[in-house]
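**Q** After the C-alpha cells below, expect a handful of questions from me.
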Amino acid sequence: MKFLVITDLHQKASNIGWINSIIEKENPEGVLFLGDVTDMGTADDAVEIVSSIKCKTYVLPGNCDPRDLPDKIKAVATDMHGKTVKIGDYDLVGLGGSNITIFGTPFELTEEEIDSKLRPISKEGMILMTHAPAYGTLDHIPNGTSVGSPAIRKIVEEFHPIVALSGHIHEDIGAKYIDGTLFVNPGPAKDGCAAIVIIEDKRAYVRFIGPLDPA
C-alpha cells in the first residue's frame with residue numbers, strides 16, 4: 001500500500017503540477033493531505049486546490065484553514081477530520097486543526113478537545129494522520145522548543161499506530177521509529193516537500209521527495 005503524503009501547501013497552487021507529476025510517477029493508492037491547504041483562505045479556495053489533485057485524496061484541515069473546510073471539502077475529497085476510514089486491512093484515522101498556538105489561527109483545539117475527538121475513533125495499529133505532531137517528536141521550532149500536542153502523544157502511546165503522520169512544524173522535517181510507530185513529517189508542500197509512505201505487513205517505510213524534486 002503506497003501513499004503520497006503532503007501538508008502545509010498554504011495556498012501555493014502553483015505547486016499542484018509538481019504534486020500531480022509525483023502522482024503520475026508513483027501511482028499511489030491515495031494522497032494524504034495533512035492540512036493547511038490554504039493560508040487563512042476560504043473553504044472554496046481549498047476545494048479549488050484539492051479538486052486539481054489527480055488522485056483520490058484524504059484531507060484534514062490545518063490550523064490556517066477555515067472551520068468549514070471539512071464540510072465543504074466533501075465535494076471533491078474524503079474529509080478525515082474526526083473520521084475513520086477503512087483502506088484495505090488498515091484503519092485510516094484523522095484529526096485536523098492544531099493544539100493552541102500563540103498566533104490565534106482559525107482552527108485551534110484545546111488538548112481536551114483533541115482527546116475527546118481523537119480517542120473515540122482511534123484503533124490499535126491505525127494509520128494516524130493529524131495536522132499537529134505528537135509532543136516531543138518532529139515538533140521542534142528553531143529555538144528547540146517542543147510545541148506538539150500532549151493529547152496526540154498519549155493517543156499514540158496507547159494505540160500504537162503503524163505510522164503517525166503530521167505537518168504543522170515546517171522546520172522539523174524527518175522520520176523516526178519509536179516503539180514500533182513510524183513518525184513522519186514530510187515538510188511543507190509550499191516549499192516542494194513531500195513523502196512516499198509504503199505500508200507492508202503492518203510496518204511503514206518512508207521516502208522523502210523535494211524540495212521541488214523533478215519527480
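Residue numbering restarts at 1 in every chain; chains get A, B, ... in the order shown in the C-alpha cells, and ligands count up from 1 in that same order.
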Quick check for you: according to DSSP on this backbone, which residues of chain A are classed as strand (DSSP E)? Reply as JSON, numbers by chain.

**A** {"A": [2, 3, 4, 5, 6, 30, 31, 32, 33, 57, 58, 59, 78, 79, 83, 84, 85, 86, 87, 90, 91, 92, 93, 94, 95, 98, 99, 108, 109, 127, 128, 129, 130, 163, 164, 165, 174, 175, 176, 177, 178, 181, 182, 183, 184, 185, 194, 195, 196, 197, 198, 199, 200, 203, 204, 205, 206, 207, 208, 209]}

**Q** Could you pull the residues within 7 Å of range 132-138 of chain A, counting only C-alpha atoms, minus those fewer than 2 positions along the same chain, as a PDB file with C-alpha atoms, in the first residue's frame?

**A**
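And here's part-v6.pdb as it stands now:
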```pdb
ATOM      1  CA  GLY A  97      -6.515  21.623  13.354  1.00  0.00           C
ATOM      2  CA  SER A  98      -3.733  22.163  15.858  1.00  0.00           C
ATOM      3  CA  ASN A  99      -3.270  22.497  19.560  1.00  0.00           C
ATOM      4  CA  THR A 130      -3.009  14.651  12.195  1.00  0.00           C
ATOM      5  CA  HIS A 140      10.598  21.381  17.473  1.00  0.00           C
ATOM      6  CA  SER A 146       8.614  21.252  21.522  1.00  0.00           C
ATOM      7  CA  VAL A 147       5.198  22.602  20.555  1.00  0.00           C
ATOM      8  CA  GLY A 148       3.325  19.418  19.695  1.00  0.00           C
ATOM      9  CA  SER A 149       0.213  18.047  21.330  1.00  0.00           C
ATOM     10  CA  PRO A 150       0.446  16.020  24.566  1.00  0.00           C
ATOM     11  CA  ILE A 152      -1.863  13.216  20.463  1.00  0.00           C
ATOM     12  CA  ARG A 153       1.240  11.815  22.146  1.00  0.00           C
ATOM     13  CA  SER A 166       1.881  15.131  10.891  1.00  0.00           C
ATOM     14  CA  GLY A 167       2.867  18.519   9.495  1.00  0.00           C
ATOM     15  CA  HIS A 168       2.406  21.973  11.041  1.00  0.00           C
ATOM     16  CA  ASP A 172      11.196  19.660  11.819  1.00  0.00           C
ATOM     17  CA  ILE A 173      11.085  17.512   8.695  1.00  0.00           C
ATOM     18  CA  GLY A 174      12.005  13.872   9.128  1.00  0.00           C
ATOM     19  CA  ASN A 185       6.743  14.980   8.975  1.00  0.00           C
TER      20      ASN A 185
END
```

**Q** What residues in chain A get the DSSP label helix (DSSP H, G or I)? Please answer as a VMD selection string.

**A** chain A and resid 13 to 26 43 to 50 69 to 73 111 to 121 150 to 159 189 to 191

**Q** Can you list, as a PyMOL selection string, every protein, DNA or RNA residue that comes within 10 Å of Asp39 in chain A when you count only C-alpha atoms, leaving out same-chain residues fewer than 4 positions away?

**A** chain A and resi 8-12+45-46+62-66

**Q** Tell me which of A:Ala189, A:Val206, A:Met126, A:Val76 sits closest to Ile16 in chain A, counting only C-alpha atoms.

**A**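 That would be A:Ala189, the residue with the smallest distance to Ile16 in chain A.
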
**Q** Need to verify the contact set: Trp18 in chain A, 12 Å, only C-alpha atoms, exclusion of same-chain residues closer than 3 positions in sequence. Can you return it as a PyMOL selection string?

**A** chain A and resi 6+9+12-15+21-25+52-54+189-194+209-215

**Q** How far is it from CA of Phe33 in chain A to CA of Asp179 in chain A, in Å with one decimal?

**A**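 We find that CA of Phe33 in chain A and CA of Asp179 in chain A lie 24.9 Å from each other.
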
**Q** Would you kindly return, as JSON, numbers by chain, each protein, DNA or RNA residue with an atom no farther than 10 Å from any atom of range 114-123 of chain A, considering only C-alpha atoms and excluding same-chain residues fewer than 5 positions away?

**A** {"A": [81, 82, 83, 84, 85, 90, 91, 92, 93, 94, 95, 96, 97, 98, 99, 108, 109, 128, 130, 149, 150, 151, 152, 154, 155, 156, 158, 159, 160, 161]}

**Q** Can I get the selection written as a tab-separated table (two decimals), in the first residue's frame, with C-alpha atoms?

**A**
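What follows is the written file selection19.tsv:
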```
chain	number	residue	atom	x	y	z
A	81	HIS	CA	-11.37	15.45	10.36
A	82	GLY	CA	-12.54	13.32	13.28
A	83	LYS	CA	-13.10	10.39	10.94
A	84	THR	CA	-12.02	6.77	10.47
A	85	VAL	CA	-11.94	5.19	7.01
A	90	TYR	CA	-5.98	-0.75	7.73
A	91	ASP	CA	-7.88	1.93	9.65
A	92	LEU	CA	-7.04	5.45	8.47
A	93	VAL	CA	-7.79	7.82	11.36
A	94	GLY	CA	-7.61	11.61	11.13
A	95	LEU	CA	-7.85	14.79	13.16
A	96	GLY	CA	-7.15	18.25	11.81
A	97	GLY	CA	-6.52	21.62	13.35
A	98	SER	CA	-3.73	22.16	15.86
A	99	ASN	CA	-3.27	22.50	19.56
A	108	GLU	CA	-7.10	25.50	17.01
A	109	LEU	CA	-8.26	22.98	19.62
A	128	LEU	CA	-2.84	8.13	12.03
A	130	THR	CA	-3.01	14.65	12.19
A	149	SER	CA	0.21	18.05	21.33
A	150	PRO	CA	0.45	16.02	24.57
A	151	ALA	CA	-3.01	14.60	23.83
A	152	ILE	CA	-1.86	13.22	20.46
A	154	LYS	CA	-0.89	9.98	24.68
A	155	ILE	CA	-3.11	8.54	21.94
A	156	VAL	CA	-0.04	7.29	20.06
A	158	GLU	CA	-1.97	3.90	23.90
A	159	PHE	CA	-2.98	2.78	20.40
A	160	HIS	CA	0.43	2.13	18.76
A	161	PRO	CA	-0.26	3.33	15.21
```

**Q** Here is a test: counting only C-alpha atoms, which residue of A:Asp79, A:Met40, A:Thr7, A:Leu69 is nearest to Phe103 in chain A?

**A** A:Met40

**Q** Which residues are close to Lys72 in chain A, i.e. within 8 Å by only C-alpha atoms, leaving aside same-chain residues fewer than 5 positions away? Reply as an mmCIF file with N, CA, C and O atoms, in the first residue's frame.

**A**
```cif
data_model
loop_
_atom_site.group_PDB
_atom_site.id
_atom_site.type_symbol
_atom_site.label_atom_id
_atom_site.label_comp_id
_atom_site.auth_asym_id
_atom_site.auth_seq_id
_atom_site.Cartn_x
_atom_site.Cartn_y
_atom_site.Cartn_z
ATOM 1 N N ALA A 43 -12.933 28.075 2.417
ATOM 2 C CA ALA A 43 -13.173 26.681 2.070
ATOM 3 C C ALA A 43 -13.290 26.510 0.560
ATOM 4 O O ALA A 43 -12.886 25.481 0.007
ATOM 5 N N ASP A 44 -13.830 27.515 -0.112
ATOM 6 C CA ASP A 44 -13.910 27.449 -1.576
ATOM 7 C C ASP A 44 -12.513 27.444 -2.190
ATOM 8 O O ASP A 44 -12.276 26.766 -3.201
ATOM 9 N N VAL A 47 -11.330 23.865 -1.814
ATOM 10 C CA VAL A 47 -11.996 22.981 -2.775
ATOM 11 C C VAL A 47 -11.354 23.115 -4.154
ATOM 12 O O VAL A 47 -11.086 22.117 -4.837
#
```

**Q** Pick out the closest residue to Ala75 in chain A from this set: A:Arg207, A:Val50, A:Lys2, A:Val163. Count only C-alpha atoms.

**A** A:Val50

**Q** Extract, using only C-alpha atoms, all DNA, RNA and protein residues at most 6 Å from Gly30 in chain A, discarding same-chain residues fewer than 5 positions from it, and format them as a compact mmCIF listing (two decimals) with N, CA and C atoms, in the first residue's frame.

**A**
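What landed in part-v1.txt:
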```txt
# COMPACT_ATOMS: atom_id res chain seq x y z
N PHE A 3 1.17 5.57 -0.29
CA PHE A 3 0.50 6.87 -0.21
C PHE A 3 1.50 7.99 -0.50
N LYS A 56 -7.22 10.07 -5.69
CA LYS A 56 -8.12 10.08 -4.53
C LYS A 56 -7.38 10.70 -3.37
N THR A 57 -8.01 11.68 -2.72
CA THR A 57 -7.34 12.48 -1.70
C THR A 57 -8.12 12.47 -0.40
```
